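*Asks:* File protein_25.txt below, compact mmCIF, N, CA and C atoms:
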```txt
# COMPACT_ATOMS: atom_id res chain seq x y z
N MET A 1 0.83 -1.20 0.00
CA MET A 1 0.00 0.00 0.00
C MET A 1 0.86 1.25 0.00
N ARG A 2 2.02 1.13 0.65
CA ARG A 2 2.90 2.27 0.73
C ARG A 2 3.44 2.68 -0.64
N GLY A 3 3.52 1.70 -1.57
CA GLY A 3 3.99 1.98 -2.91
C GLY A 3 3.10 2.98 -3.63
N LEU A 4 1.80 2.97 -3.30
CA LEU A 4 0.88 3.93 -3.92
C LEU A 4 1.19 5.36 -3.50
N TRP A 5 1.64 5.54 -2.24
CA TRP A 5 1.96 6.88 -1.75
C TRP A 5 3.23 7.43 -2.41
N SER A 6 4.12 6.55 -2.81
CA SER A 6 5.36 7.00 -3.44
C SER A 6 5.19 7.24 -4.94
N LEU A 7 4.05 6.88 -5.46
CA LEU A 7 3.81 7.05 -6.89
C LEU A 7 3.87 8.51 -7.33
N PRO A 8 3.34 9.48 -6.59
CA PRO A 8 3.47 10.87 -7.03
C PRO A 8 4.92 11.33 -7.13
N LYS A 9 5.79 10.80 -6.28
CA LYS A 9 7.21 11.16 -6.37
C LYS A 9 7.85 10.55 -7.62
N ALA A 10 7.42 9.38 -7.98
CA ALA A 10 8.02 8.69 -9.11
C ALA A 10 7.37 9.07 -10.45
N ALA A 11 6.20 9.70 -10.42
CA ALA A 11 5.47 10.00 -11.65
C ALA A 11 6.26 10.86 -12.64
N PRO A 12 6.90 11.95 -12.22
CA PRO A 12 7.66 12.74 -13.21
C PRO A 12 8.79 11.93 -13.86
N ALA A 13 9.47 11.14 -13.06
CA ALA A 13 10.54 10.31 -13.63
C ALA A 13 9.96 9.27 -14.58
N LEU A 14 8.83 8.71 -14.20
CA LEU A 14 8.19 7.72 -15.08
C LEU A 14 7.77 8.35 -16.40
N MET A 15 7.24 9.55 -16.36
CA MET A 15 6.81 10.21 -17.59
C MET A 15 8.01 10.53 -18.49
N ARG A 16 9.12 10.97 -17.88
CA ARG A 16 10.33 11.23 -18.67
C ARG A 16 10.83 9.94 -19.31
N HIS A 17 10.78 8.86 -18.55
CA HIS A 17 11.25 7.59 -19.08
C HIS A 17 10.33 7.06 -20.18
N ILE A 18 9.04 7.27 -20.03
CA ILE A 18 8.11 6.85 -21.08
C ILE A 18 8.41 7.61 -22.37
N GLY A 19 8.65 8.91 -22.25
CA GLY A 19 9.04 9.70 -23.42
C GLY A 19 10.34 9.21 -24.04
N ALA A 20 11.29 8.86 -23.18
CA ALA A 20 12.57 8.34 -23.68
C ALA A 20 12.38 6.99 -24.35
N TYR A 21 11.49 6.16 -23.80
CA TYR A 21 11.22 4.86 -24.41
C TYR A 21 10.60 5.03 -25.79
N ILE A 22 9.71 5.96 -25.92
CA ILE A 22 9.09 6.21 -27.21
C ILE A 22 10.14 6.67 -28.22
N GLU A 23 11.03 7.55 -27.78
CA GLU A 23 12.10 8.01 -28.66
C GLU A 23 13.03 6.86 -29.04
N LEU A 24 13.40 6.03 -28.06
CA LEU A 24 14.26 4.88 -28.34
C LEU A 24 13.59 3.90 -29.29
N ALA A 25 12.29 3.68 -29.08
CA ALA A 25 11.56 2.78 -29.98
C ALA A 25 11.57 3.32 -31.40
N GLY A 26 11.39 4.62 -31.54
CA GLY A 26 11.45 5.23 -32.87
C GLY A 26 12.81 5.06 -33.51
N LEU A 27 13.87 5.25 -32.73
CA LEU A 27 15.23 5.07 -33.25
C LEU A 27 15.48 3.62 -33.64
N ASP A 28 15.02 2.68 -32.79
CA ASP A 28 15.18 1.26 -33.10
C ASP A 28 14.43 0.89 -34.38
N LEU A 29 13.21 1.37 -34.51
CA LEU A 29 12.43 1.07 -35.71
C LEU A 29 13.06 1.68 -36.96
N ALA A 30 13.61 2.89 -36.83
CA ALA A 30 14.28 3.52 -37.98
C ALA A 30 15.52 2.73 -38.37
N ARG A 31 16.30 2.28 -37.38
CA ARG A 31 17.49 1.49 -37.68
C ARG A 31 17.11 0.17 -38.34
N THR A 32 16.08 -0.48 -37.83
CA THR A 32 15.63 -1.74 -38.41
C THR A 32 15.15 -1.53 -39.84
N HIS A 33 14.44 -0.44 -40.07
CA HIS A 33 13.95 -0.12 -41.41
C HIS A 33 15.13 0.07 -42.37
N ARG A 34 16.16 0.81 -41.92
CA ARG A 34 17.34 1.01 -42.76
C ARG A 34 18.04 -0.31 -43.06
N GLU A 35 18.19 -1.16 -42.05
CA GLU A 35 18.86 -2.45 -42.25
C GLU A 35 18.10 -3.32 -43.24
N ILE A 36 16.80 -3.40 -43.07
CA ILE A 36 15.99 -4.24 -43.95
C ILE A 36 15.99 -3.68 -45.37
N THR A 37 15.86 -2.37 -45.51
CA THR A 37 15.87 -1.76 -46.84
C THR A 37 17.19 -2.01 -47.54
N ALA A 38 18.29 -1.85 -46.83
CA ALA A 38 19.61 -2.08 -47.43
C ALA A 38 19.76 -3.55 -47.85
N GLN A 39 19.27 -4.45 -47.02
CA GLN A 39 19.35 -5.87 -47.38
C GLN A 39 18.51 -6.20 -48.60
N VAL A 40 17.32 -5.65 -48.68
CA VAL A 40 16.44 -5.93 -49.81
C VAL A 40 17.02 -5.36 -51.11
N VAL A 41 17.52 -4.13 -51.05
CA VAL A 41 18.08 -3.52 -52.26
C VAL A 41 19.32 -4.29 -52.72
N ALA A 42 20.21 -4.58 -51.78
CA ALA A 42 21.43 -5.32 -52.14
C ALA A 42 21.09 -6.71 -52.68
N SER A 43 20.15 -7.36 -52.05
CA SER A 43 19.75 -8.69 -52.51
C SER A 43 19.14 -8.64 -53.90
N ALA A 44 18.33 -7.63 -54.17
CA ALA A 44 17.71 -7.51 -55.49
C ALA A 44 18.75 -7.25 -56.57
N ILE A 45 19.71 -6.38 -56.29
CA ILE A 45 20.75 -6.09 -57.27
C ILE A 45 21.60 -7.33 -57.55
N VAL A 46 21.99 -8.00 -56.48
CA VAL A 46 22.79 -9.22 -56.64
C VAL A 46 22.00 -10.27 -57.41
N ALA A 47 20.75 -10.44 -57.07
CA ALA A 47 19.93 -11.46 -57.73
C ALA A 47 19.80 -11.18 -59.23
N ILE A 48 19.56 -9.95 -59.59
CA ILE A 48 19.40 -9.62 -61.01
C ILE A 48 20.72 -9.82 -61.76
N CYS A 49 21.82 -9.36 -61.18
CA CYS A 49 23.12 -9.52 -61.84
C CYS A 49 23.50 -11.00 -61.97
N VAL A 50 23.31 -11.74 -60.92
CA VAL A 50 23.64 -13.16 -60.96
C VAL A 50 22.74 -13.89 -61.96
N LEU A 51 21.49 -13.53 -62.00
CA LEU A 51 20.58 -14.17 -62.95
C LEU A 51 21.04 -13.99 -64.40
N PHE A 52 21.38 -12.76 -64.75
CA PHE A 52 21.85 -12.52 -66.11
C PHE A 52 23.18 -13.22 -66.39
N ALA A 53 24.10 -13.17 -65.43
CA ALA A 53 25.39 -13.83 -65.63
C ALA A 53 25.23 -15.33 -65.78
N VAL A 54 24.43 -15.92 -64.94
CA VAL A 54 24.21 -17.37 -65.01
C VAL A 54 23.51 -17.74 -66.31
N PHE A 55 22.56 -16.96 -66.71
CA PHE A 55 21.86 -17.24 -67.96
C PHE A 55 22.83 -17.24 -69.14
N LEU A 56 23.71 -16.24 -69.19
CA LEU A 56 24.66 -16.15 -70.30
C LEU A 56 25.71 -17.26 -70.23
N ILE A 57 26.15 -17.62 -69.03
CA ILE A 57 27.11 -18.71 -68.89
C ILE A 57 26.46 -20.03 -69.33
N CYS A 58 25.26 -20.27 -68.91
CA CYS A 58 24.56 -21.50 -69.32
C CYS A 58 24.37 -21.55 -70.83
N LEU A 59 24.01 -20.43 -71.38
CA LEU A 59 23.84 -20.37 -72.84
C LEU A 59 25.15 -20.68 -73.54
N GLY A 60 26.25 -20.14 -73.02
CA GLY A 60 27.57 -20.41 -73.60
C GLY A 60 27.97 -21.87 -73.48
N VAL A 61 27.73 -22.47 -72.30
CA VAL A 61 28.09 -23.87 -72.10
C VAL A 61 27.27 -24.78 -73.02
N ILE A 62 26.01 -24.53 -73.12
CA ILE A 62 25.15 -25.35 -73.99
C ILE A 62 25.56 -25.18 -75.45
N ALA A 63 25.87 -23.95 -75.86
CA ALA A 63 26.30 -23.72 -77.24
C ALA A 63 27.62 -24.43 -77.52
N TYR A 64 28.53 -24.43 -76.55
CA TYR A 64 29.83 -25.07 -76.74
C TYR A 64 29.70 -26.58 -76.88
N PHE A 65 28.86 -27.20 -76.06
CA PHE A 65 28.73 -28.65 -76.05
C PHE A 65 27.59 -29.16 -76.93
N TRP A 66 26.94 -28.34 -77.70
CA TRP A 66 25.75 -28.74 -78.44
C TRP A 66 26.03 -29.87 -79.43
N ASP A 67 27.09 -29.78 -80.15
CA ASP A 67 27.38 -30.78 -81.19
C ASP A 67 28.29 -31.90 -80.68
N THR A 68 28.33 -32.11 -79.40
CA THR A 68 29.17 -33.17 -78.82
C THR A 68 28.30 -34.15 -78.05
N PRO A 69 28.84 -35.33 -77.75
CA PRO A 69 28.06 -36.29 -76.95
C PRO A 69 27.96 -35.88 -75.47
N TYR A 70 28.61 -34.78 -75.06
CA TYR A 70 28.62 -34.35 -73.66
C TYR A 70 27.55 -33.29 -73.35
N ARG A 71 26.65 -33.11 -74.27
CA ARG A 71 25.61 -32.08 -74.11
C ARG A 71 24.78 -32.32 -72.84
N VAL A 72 24.29 -33.53 -72.63
CA VAL A 72 23.46 -33.84 -71.45
C VAL A 72 24.29 -33.77 -70.17
N ALA A 73 25.52 -34.23 -70.23
CA ALA A 73 26.39 -34.16 -69.05
C ALA A 73 26.66 -32.71 -68.65
N ALA A 74 26.86 -31.85 -69.64
CA ALA A 74 27.10 -30.44 -69.35
C ALA A 74 25.89 -29.82 -68.66
N ILE A 75 24.72 -30.15 -69.13
CA ILE A 75 23.50 -29.62 -68.51
C ILE A 75 23.35 -30.17 -67.10
N ALA A 76 23.66 -31.45 -66.89
CA ALA A 76 23.57 -32.04 -65.54
C ALA A 76 24.57 -31.40 -64.58
N TRP A 77 25.79 -31.15 -65.05
CA TRP A 77 26.78 -30.50 -64.19
C TRP A 77 26.34 -29.08 -63.82
N MET A 78 25.75 -28.37 -64.76
CA MET A 78 25.24 -27.03 -64.45
C MET A 78 24.14 -27.10 -63.40
N ALA A 79 23.26 -28.08 -63.51
CA ALA A 79 22.19 -28.24 -62.52
C ALA A 79 22.78 -28.52 -61.14
N GLY A 80 23.81 -29.38 -61.09
CA GLY A 80 24.48 -29.65 -59.82
C GLY A 80 25.15 -28.40 -59.26
N GLY A 81 25.75 -27.61 -60.12
CA GLY A 81 26.36 -26.35 -59.67
C GLY A 81 25.33 -25.40 -59.10
N PHE A 82 24.16 -25.34 -59.74
CA PHE A 82 23.09 -24.48 -59.22
C PHE A 82 22.60 -24.96 -57.87
N LEU A 83 22.55 -26.26 -57.69
CA LEU A 83 22.14 -26.81 -56.40
C LEU A 83 23.13 -26.44 -55.30
N VAL A 84 24.41 -26.55 -55.58
CA VAL A 84 25.44 -26.18 -54.60
C VAL A 84 25.36 -24.68 -54.29
N ALA A 85 25.17 -23.88 -55.31
CA ALA A 85 25.05 -22.42 -55.10
C ALA A 85 23.82 -22.09 -54.27
N ALA A 86 22.73 -22.78 -54.51
CA ALA A 86 21.51 -22.53 -53.73
C ALA A 86 21.70 -22.90 -52.27
N ILE A 87 22.37 -24.00 -52.00
CA ILE A 87 22.63 -24.40 -50.61
C ILE A 87 23.54 -23.38 -49.93
N ALA A 88 24.59 -22.95 -50.63
CA ALA A 88 25.50 -21.95 -50.06
C ALA A 88 24.77 -20.64 -49.78
N ALA A 89 23.89 -20.23 -50.67
CA ALA A 89 23.12 -19.00 -50.47
C ALA A 89 22.18 -19.13 -49.28
N ALA A 90 21.57 -20.29 -49.11
CA ALA A 90 20.68 -20.51 -47.97
C ALA A 90 21.44 -20.45 -46.65
N VAL A 91 22.63 -21.02 -46.63
CA VAL A 91 23.46 -20.97 -45.41
C VAL A 91 23.86 -19.54 -45.11
N TYR A 92 24.28 -18.80 -46.14
CA TYR A 92 24.66 -17.40 -45.95
C TYR A 92 23.48 -16.58 -45.43
N ARG A 93 22.33 -16.78 -46.00
CA ARG A 93 21.13 -16.03 -45.59
C ARG A 93 20.76 -16.33 -44.14
N ALA A 94 20.90 -17.58 -43.73
CA ALA A 94 20.60 -17.94 -42.34
C ALA A 94 21.57 -17.26 -41.38
N ARG A 95 22.85 -17.20 -41.75
CA ARG A 95 23.84 -16.53 -40.89
C ARG A 95 23.58 -15.04 -40.83
N ALA A 96 23.22 -14.45 -41.95
CA ALA A 96 22.94 -13.01 -41.97
C ALA A 96 21.71 -12.68 -41.12
N ALA A 97 20.72 -13.55 -41.12
CA ALA A 97 19.51 -13.31 -40.33
C ALA A 97 19.83 -13.38 -38.83
N ARG A 98 20.74 -14.27 -38.43
CA ARG A 98 21.11 -14.36 -37.01
C ARG A 98 21.94 -13.17 -36.56
N ALA A 99 22.70 -12.58 -37.47
CA ALA A 99 23.59 -11.47 -37.12
C ALA A 99 22.84 -10.14 -36.99
N ARG A 100 21.63 -10.08 -37.50
CA ARG A 100 20.87 -8.83 -37.44
C ARG A 100 20.49 -8.50 -36.00
N SER A 101 20.50 -7.23 -35.67
CA SER A 101 20.17 -6.81 -34.30
C SER A 101 18.69 -7.04 -34.02
N PRO A 102 18.36 -7.47 -32.79
CA PRO A 102 16.96 -7.74 -32.47
C PRO A 102 16.13 -6.45 -32.43
N LEU A 103 14.87 -6.59 -32.74
CA LEU A 103 13.96 -5.46 -32.78
C LEU A 103 13.80 -4.86 -31.39
N LEU A 104 13.88 -3.56 -31.29
CA LEU A 104 13.73 -2.80 -30.05
C LEU A 104 14.74 -3.23 -28.97
N SER A 105 15.95 -3.53 -29.37
CA SER A 105 16.96 -3.97 -28.40
C SER A 105 17.36 -2.85 -27.45
N ASP A 106 17.45 -1.61 -27.95
CA ASP A 106 17.80 -0.49 -27.06
C ASP A 106 16.72 -0.24 -26.03
N VAL A 107 15.47 -0.34 -26.42
CA VAL A 107 14.37 -0.15 -25.47
C VAL A 107 14.40 -1.24 -24.41
N ARG A 108 14.63 -2.45 -24.82
CA ARG A 108 14.70 -3.57 -23.87
C ARG A 108 15.83 -3.37 -22.86
N ARG A 109 17.00 -2.95 -23.34
CA ARG A 109 18.15 -2.74 -22.46
C ARG A 109 17.87 -1.61 -21.46
N GLU A 110 17.34 -0.50 -21.95
CA GLU A 110 17.03 0.63 -21.06
C GLU A 110 15.95 0.26 -20.05
N TRP A 111 14.96 -0.52 -20.47
CA TRP A 111 13.90 -0.92 -19.55
C TRP A 111 14.48 -1.76 -18.42
N GLN A 112 15.41 -2.65 -18.74
CA GLN A 112 16.02 -3.48 -17.68
C GLN A 112 16.75 -2.61 -16.68
N GLU A 113 17.47 -1.60 -17.16
CA GLU A 113 18.19 -0.69 -16.25
C GLU A 113 17.22 0.15 -15.42
N ASP A 114 16.20 0.67 -16.07
CA ASP A 114 15.25 1.54 -15.36
C ASP A 114 14.36 0.78 -14.40
N ARG A 115 14.10 -0.47 -14.70
CA ARG A 115 13.27 -1.27 -13.80
C ARG A 115 13.96 -1.45 -12.46
N VAL A 116 15.26 -1.64 -12.49
CA VAL A 116 16.02 -1.77 -11.24
C VAL A 116 15.93 -0.47 -10.44
N ILE A 117 16.11 0.66 -11.10
CA ILE A 117 16.03 1.96 -10.43
C ILE A 117 14.63 2.19 -9.87
N LEU A 118 13.62 1.87 -10.65
CA LEU A 118 12.23 2.05 -10.19
C LEU A 118 11.93 1.17 -8.99
N GLU A 119 12.42 -0.05 -9.01
CA GLU A 119 12.21 -0.93 -7.86
C GLU A 119 12.89 -0.38 -6.61
N LYS A 120 14.06 0.22 -6.77
CA LYS A 120 14.76 0.83 -5.63
C LYS A 120 13.98 2.02 -5.08
N ILE A 121 13.44 2.83 -5.99
CA ILE A 121 12.66 4.01 -5.55
C ILE A 121 11.42 3.56 -4.78
N LEU A 122 10.70 2.60 -5.33
CA LEU A 122 9.48 2.15 -4.68
C LEU A 122 9.75 1.37 -3.40
N SER A 123 10.85 0.63 -3.35
CA SER A 123 11.12 -0.14 -2.14
C SER A 123 11.69 0.72 -1.02
N SER A 124 12.37 1.80 -1.36
CA SER A 124 12.93 2.67 -0.31
C SER A 124 11.83 3.41 0.44
N ASP A 125 10.72 3.68 -0.21
CA ASP A 125 9.61 4.36 0.47
C ASP A 125 8.84 3.42 1.37
N GLU A 126 8.92 2.13 1.14
CA GLU A 126 8.18 1.17 1.96
C GLU A 126 8.87 0.93 3.29
N ASN A 127 10.17 1.21 3.37
CA ASN A 127 10.92 0.98 4.61
C ASN A 127 10.65 2.03 5.65
```
Render the structure in this file as structure tokens.
*Replies:*
Amino acid sequence: MRGLWSLPKAAPALMRHIGAYIELAGLDLARTHREITAQVVASAIVAICVLFAVFLICLGVIAYFWDTPYRVAAIAWMAGGFLVAAIAAAVYRARAARARSPLLSDVRREWQEDRVILEKILSSDEN
């Protein structure tokens, strides 16, 4: 019950912290937006360039082996190469996803620090 009496003392600090949390959340969301946008743009550029390069390489390989008995083998080796590249890309993407900073990490960190301070303020008035 005593904690209710200490609430008016803590209210200004709580309001300042709520404002700071809102600002931190905005900064976290802006950073996350920038990270995701950069990843999407870079991924799109890489995908388009790789697609055209691979298409032209495949066309060249098929044209080179067209009049030989190795035509089917060349196509099979290219398919195997694409499979290996796809697996490598999936592994890279999984690692990149783990390395990304968690959403609202700054707000979470500040809340943990402020919760300890708030508990000290409220518990000191009960004594």
*Asks:* Restricting the calculation to only C-alpha atoms: of A:Asp67, A:Ala20, A:His33, A:Phe82, which residue gets closest to Phe55 (chain A)?
*Replies:*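 With only C-alpha atoms as the atom set, the closest residue is A:Phe82.
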*Asks:* List as a PDB file with N, CA and C atoms, in the frame of the given file the protein and nucleic acid residues near region 57-65 of chain A, meaning an atom at most 10 Å away when only C-alpha atoms are counted, but skip any in the same chain fewer than 6 places from it.
*Replies:*
```pdb
ATOM      1  N   LEU A  51      21.490 -13.530 -62.000  1.00  0.00           N
ATOM      2  CA  LEU A  51      20.580 -14.170 -62.950  1.00  0.00           C
ATOM      3  C   LEU A  51      21.040 -13.990 -64.400  1.00  0.00           C
ATOM      4  N   ARG A  71      26.650 -33.110 -74.270  1.00  0.00           N
ATOM      5  CA  ARG A  71      25.610 -32.080 -74.110  1.00  0.00           C
ATOM      6  C   ARG A  71      24.780 -32.320 -72.840  1.00  0.00           C
ATOM      7  N   VAL A  72      24.290 -33.530 -72.630  1.00  0.00           N
ATOM      8  CA  VAL A  72      23.460 -33.840 -71.450  1.00  0.00           C
ATOM      9  C   VAL A  72      24.290 -33.770 -70.170  1.00  0.00           C
ATOM     10  N   ALA A  73      25.520 -34.230 -70.230  1.00  0.00           N
ATOM     11  CA  ALA A  73      26.390 -34.160 -69.050  1.00  0.00           C
ATOM     12  C   ALA A  73      26.660 -32.710 -68.650  1.00  0.00           C
ATOM     13  N   ALA A  74      26.860 -31.850 -69.640  1.00  0.00           N
ATOM     14  CA  ALA A  74      27.100 -30.440 -69.350  1.00  0.00           C
ATOM     15  C   ALA A  74      25.890 -29.820 -68.660  1.00  0.00           C
ATOM     16  N   ILE A  75      24.720 -30.150 -69.130  1.00  0.00           N
ATOM     17  CA  ILE A  75      23.500 -29.620 -68.510  1.00  0.00           C
ATOM     18  C   ILE A  75      23.350 -30.170 -67.100  1.00  0.00           C
ATOM     19  N   MET A  78      25.750 -28.370 -64.760  1.00  0.00           N
ATOM     20  CA  MET A  78      25.240 -27.030 -64.450  1.00  0.00           C
ATOM     21  C   MET A  78      24.140 -27.100 -63.400  1.00  0.00           C
ATOM     22  N   ALA A  79      23.260 -28.080 -63.510  1.00  0.00           N
ATOM     23  CA  ALA A  79      22.190 -28.240 -62.520  1.00  0.00           C
ATOM     24  C   ALA A  79      22.780 -28.520 -61.140  1.00  0.00           C
TER      25      ALA A  79
END
```
*Asks:* Just the number, please: distance in Å from CA of Trp77 (chain A) to atom C of Ala47 (chain A), one decimal.
*Replies:*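 A separation of 21.1 Å between them.
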*Asks:* Write out as a VMD selection string which residues come within 8 Å of Thr32 (chain A) when counting all atoms listed in the file, dropping same-chain ones fewer than 3 positions away.
*Replies:* chain A and resid 26 to 29 35 to 38 101 to 104
*Asks:* What is the atom C of Ser123 (chain A) to CA of Ala25 (chain A) distance in Å?
*Replies:*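 Computed distance, atom C of Ser123 (chain A) to CA of Ala25 (chain A), equals 29.0 Å.
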*Asks:* Give me, please, the distance in Å between CA of Ile48 (chain A) and CA of Tyr70 (chain A), quoted to one decimal.
*Replies:* 29.3 Å
*Asks:* Using the partial input, fill out region 98-107 of chain A with all heavy atoms; write the result as a tab-separated table (two decimals), in the coordinates of the input.
*Replies:*
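Below you can see out.tsv, which holds the result:
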```
chain	number	residue	atom	x	y	z
A	98	ARG	N	20.74	-14.27	-38.43
A	98	ARG	CA	21.11	-14.36	-37.01
A	98	ARG	C	21.94	-13.17	-36.56
A	98	ARG	O	21.90	-12.81	-35.40
A	98	ARG	CB	21.88	-15.65	-36.75
A	98	ARG	CG	20.97	-16.83	-36.48
A	98	ARG	CD	21.76	-18.04	-36.12
A	98	ARG	NE	21.93	-18.77	-37.38
A	98	ARG	CZ	23.00	-19.45	-37.72
A	98	ARG	NH1	24.00	-19.55	-36.92
A	98	ARG	NH2	23.06	-20.05	-38.88
A	99	ALA	N	22.70	-12.58	-37.47
A	99	ALA	CA	23.59	-11.47	-37.12
A	99	ALA	C	22.84	-10.14	-36.99
A	99	ALA	O	23.37	-9.19	-36.43
A	99	ALA	CB	24.69	-11.34	-38.16
A	100	ARG	N	21.63	-10.08	-37.50
A	100	ARG	CA	20.87	-8.83	-37.44
A	100	ARG	C	20.49	-8.50	-36.00
A	100	ARG	O	20.22	-9.39	-35.20
A	100	ARG	CB	19.61	-8.98	-38.31
A	100	ARG	CG	19.04	-7.67	-38.73
A	100	ARG	CD	17.90	-7.84	-39.69
A	100	ARG	NE	16.80	-8.49	-39.02
A	100	ARG	CZ	16.03	-9.40	-39.56
A	100	ARG	NH1	16.23	-9.79	-40.78
A	100	ARG	NH2	15.05	-9.95	-38.89
A	101	SER	N	20.50	-7.23	-35.67
A	101	SER	CA	20.17	-6.81	-34.30
A	101	SER	C	18.69	-7.04	-34.02
A	101	SER	O	17.85	-6.84	-34.89
A	101	SER	CB	20.52	-5.33	-34.10
A	101	SER	OG	19.77	-4.52	-34.97
A	102	PRO	N	18.36	-7.47	-32.79
A	102	PRO	CA	16.96	-7.74	-32.47
A	102	PRO	C	16.13	-6.45	-32.43
A	102	PRO	O	16.66	-5.38	-32.13
A	102	PRO	CB	17.01	-8.40	-31.09
A	102	PRO	CG	18.36	-8.11	-30.55
A	102	PRO	CD	19.26	-7.78	-31.70
A	103	LEU	N	14.87	-6.59	-32.74
A	103	LEU	CA	13.96	-5.46	-32.78
A	103	LEU	C	13.80	-4.86	-31.39
A	103	LEU	O	13.62	-5.60	-30.41
A	103	LEU	CB	12.60	-5.91	-33.33
A	103	LEU	CG	11.56	-4.82	-33.53
A	103	LEU	CD1	12.03	-3.82	-34.57
A	103	LEU	CD2	10.25	-5.44	-33.96
A	104	LEU	N	13.88	-3.56	-31.29
A	104	LEU	CA	13.73	-2.80	-30.05
A	104	LEU	C	14.74	-3.23	-28.97
A	104	LEU	O	14.43	-3.23	-27.78
A	104	LEU	CB	12.30	-2.93	-29.52
A	104	LEU	CG	11.20	-2.43	-30.46
A	104	LEU	CD1	9.83	-2.70	-29.86
A	104	LEU	CD2	11.35	-0.96	-30.76
A	105	SER	N	15.95	-3.53	-29.37
A	105	SER	CA	16.96	-3.97	-28.40
A	105	SER	C	17.36	-2.85	-27.45
A	105	SER	O	17.59	-3.10	-26.27
A	105	SER	CB	18.20	-4.49	-29.13
A	105	SER	OG	18.78	-3.47	-29.92
A	106	ASP	N	17.45	-1.61	-27.95
A	106	ASP	CA	17.80	-0.49	-27.06
A	106	ASP	C	16.72	-0.24	-26.03
A	106	ASP	O	17.01	0.04	-24.86
A	106	ASP	CB	18.03	0.78	-27.88
A	106	ASP	CG	19.28	0.69	-28.73
A	106	ASP	OD1	20.16	-0.13	-28.39
A	106	ASP	OD2	19.37	1.43	-29.72
A	107	VAL	N	15.47	-0.34	-26.42
A	107	VAL	CA	14.37	-0.15	-25.47
A	107	VAL	C	14.40	-1.24	-24.41
A	107	VAL	O	14.24	-0.96	-23.22
A	107	VAL	CB	13.01	-0.15	-26.21
A	107	VAL	CG1	11.86	-0.14	-25.23
A	107	VAL	CG2	12.92	1.02	-27.16
```
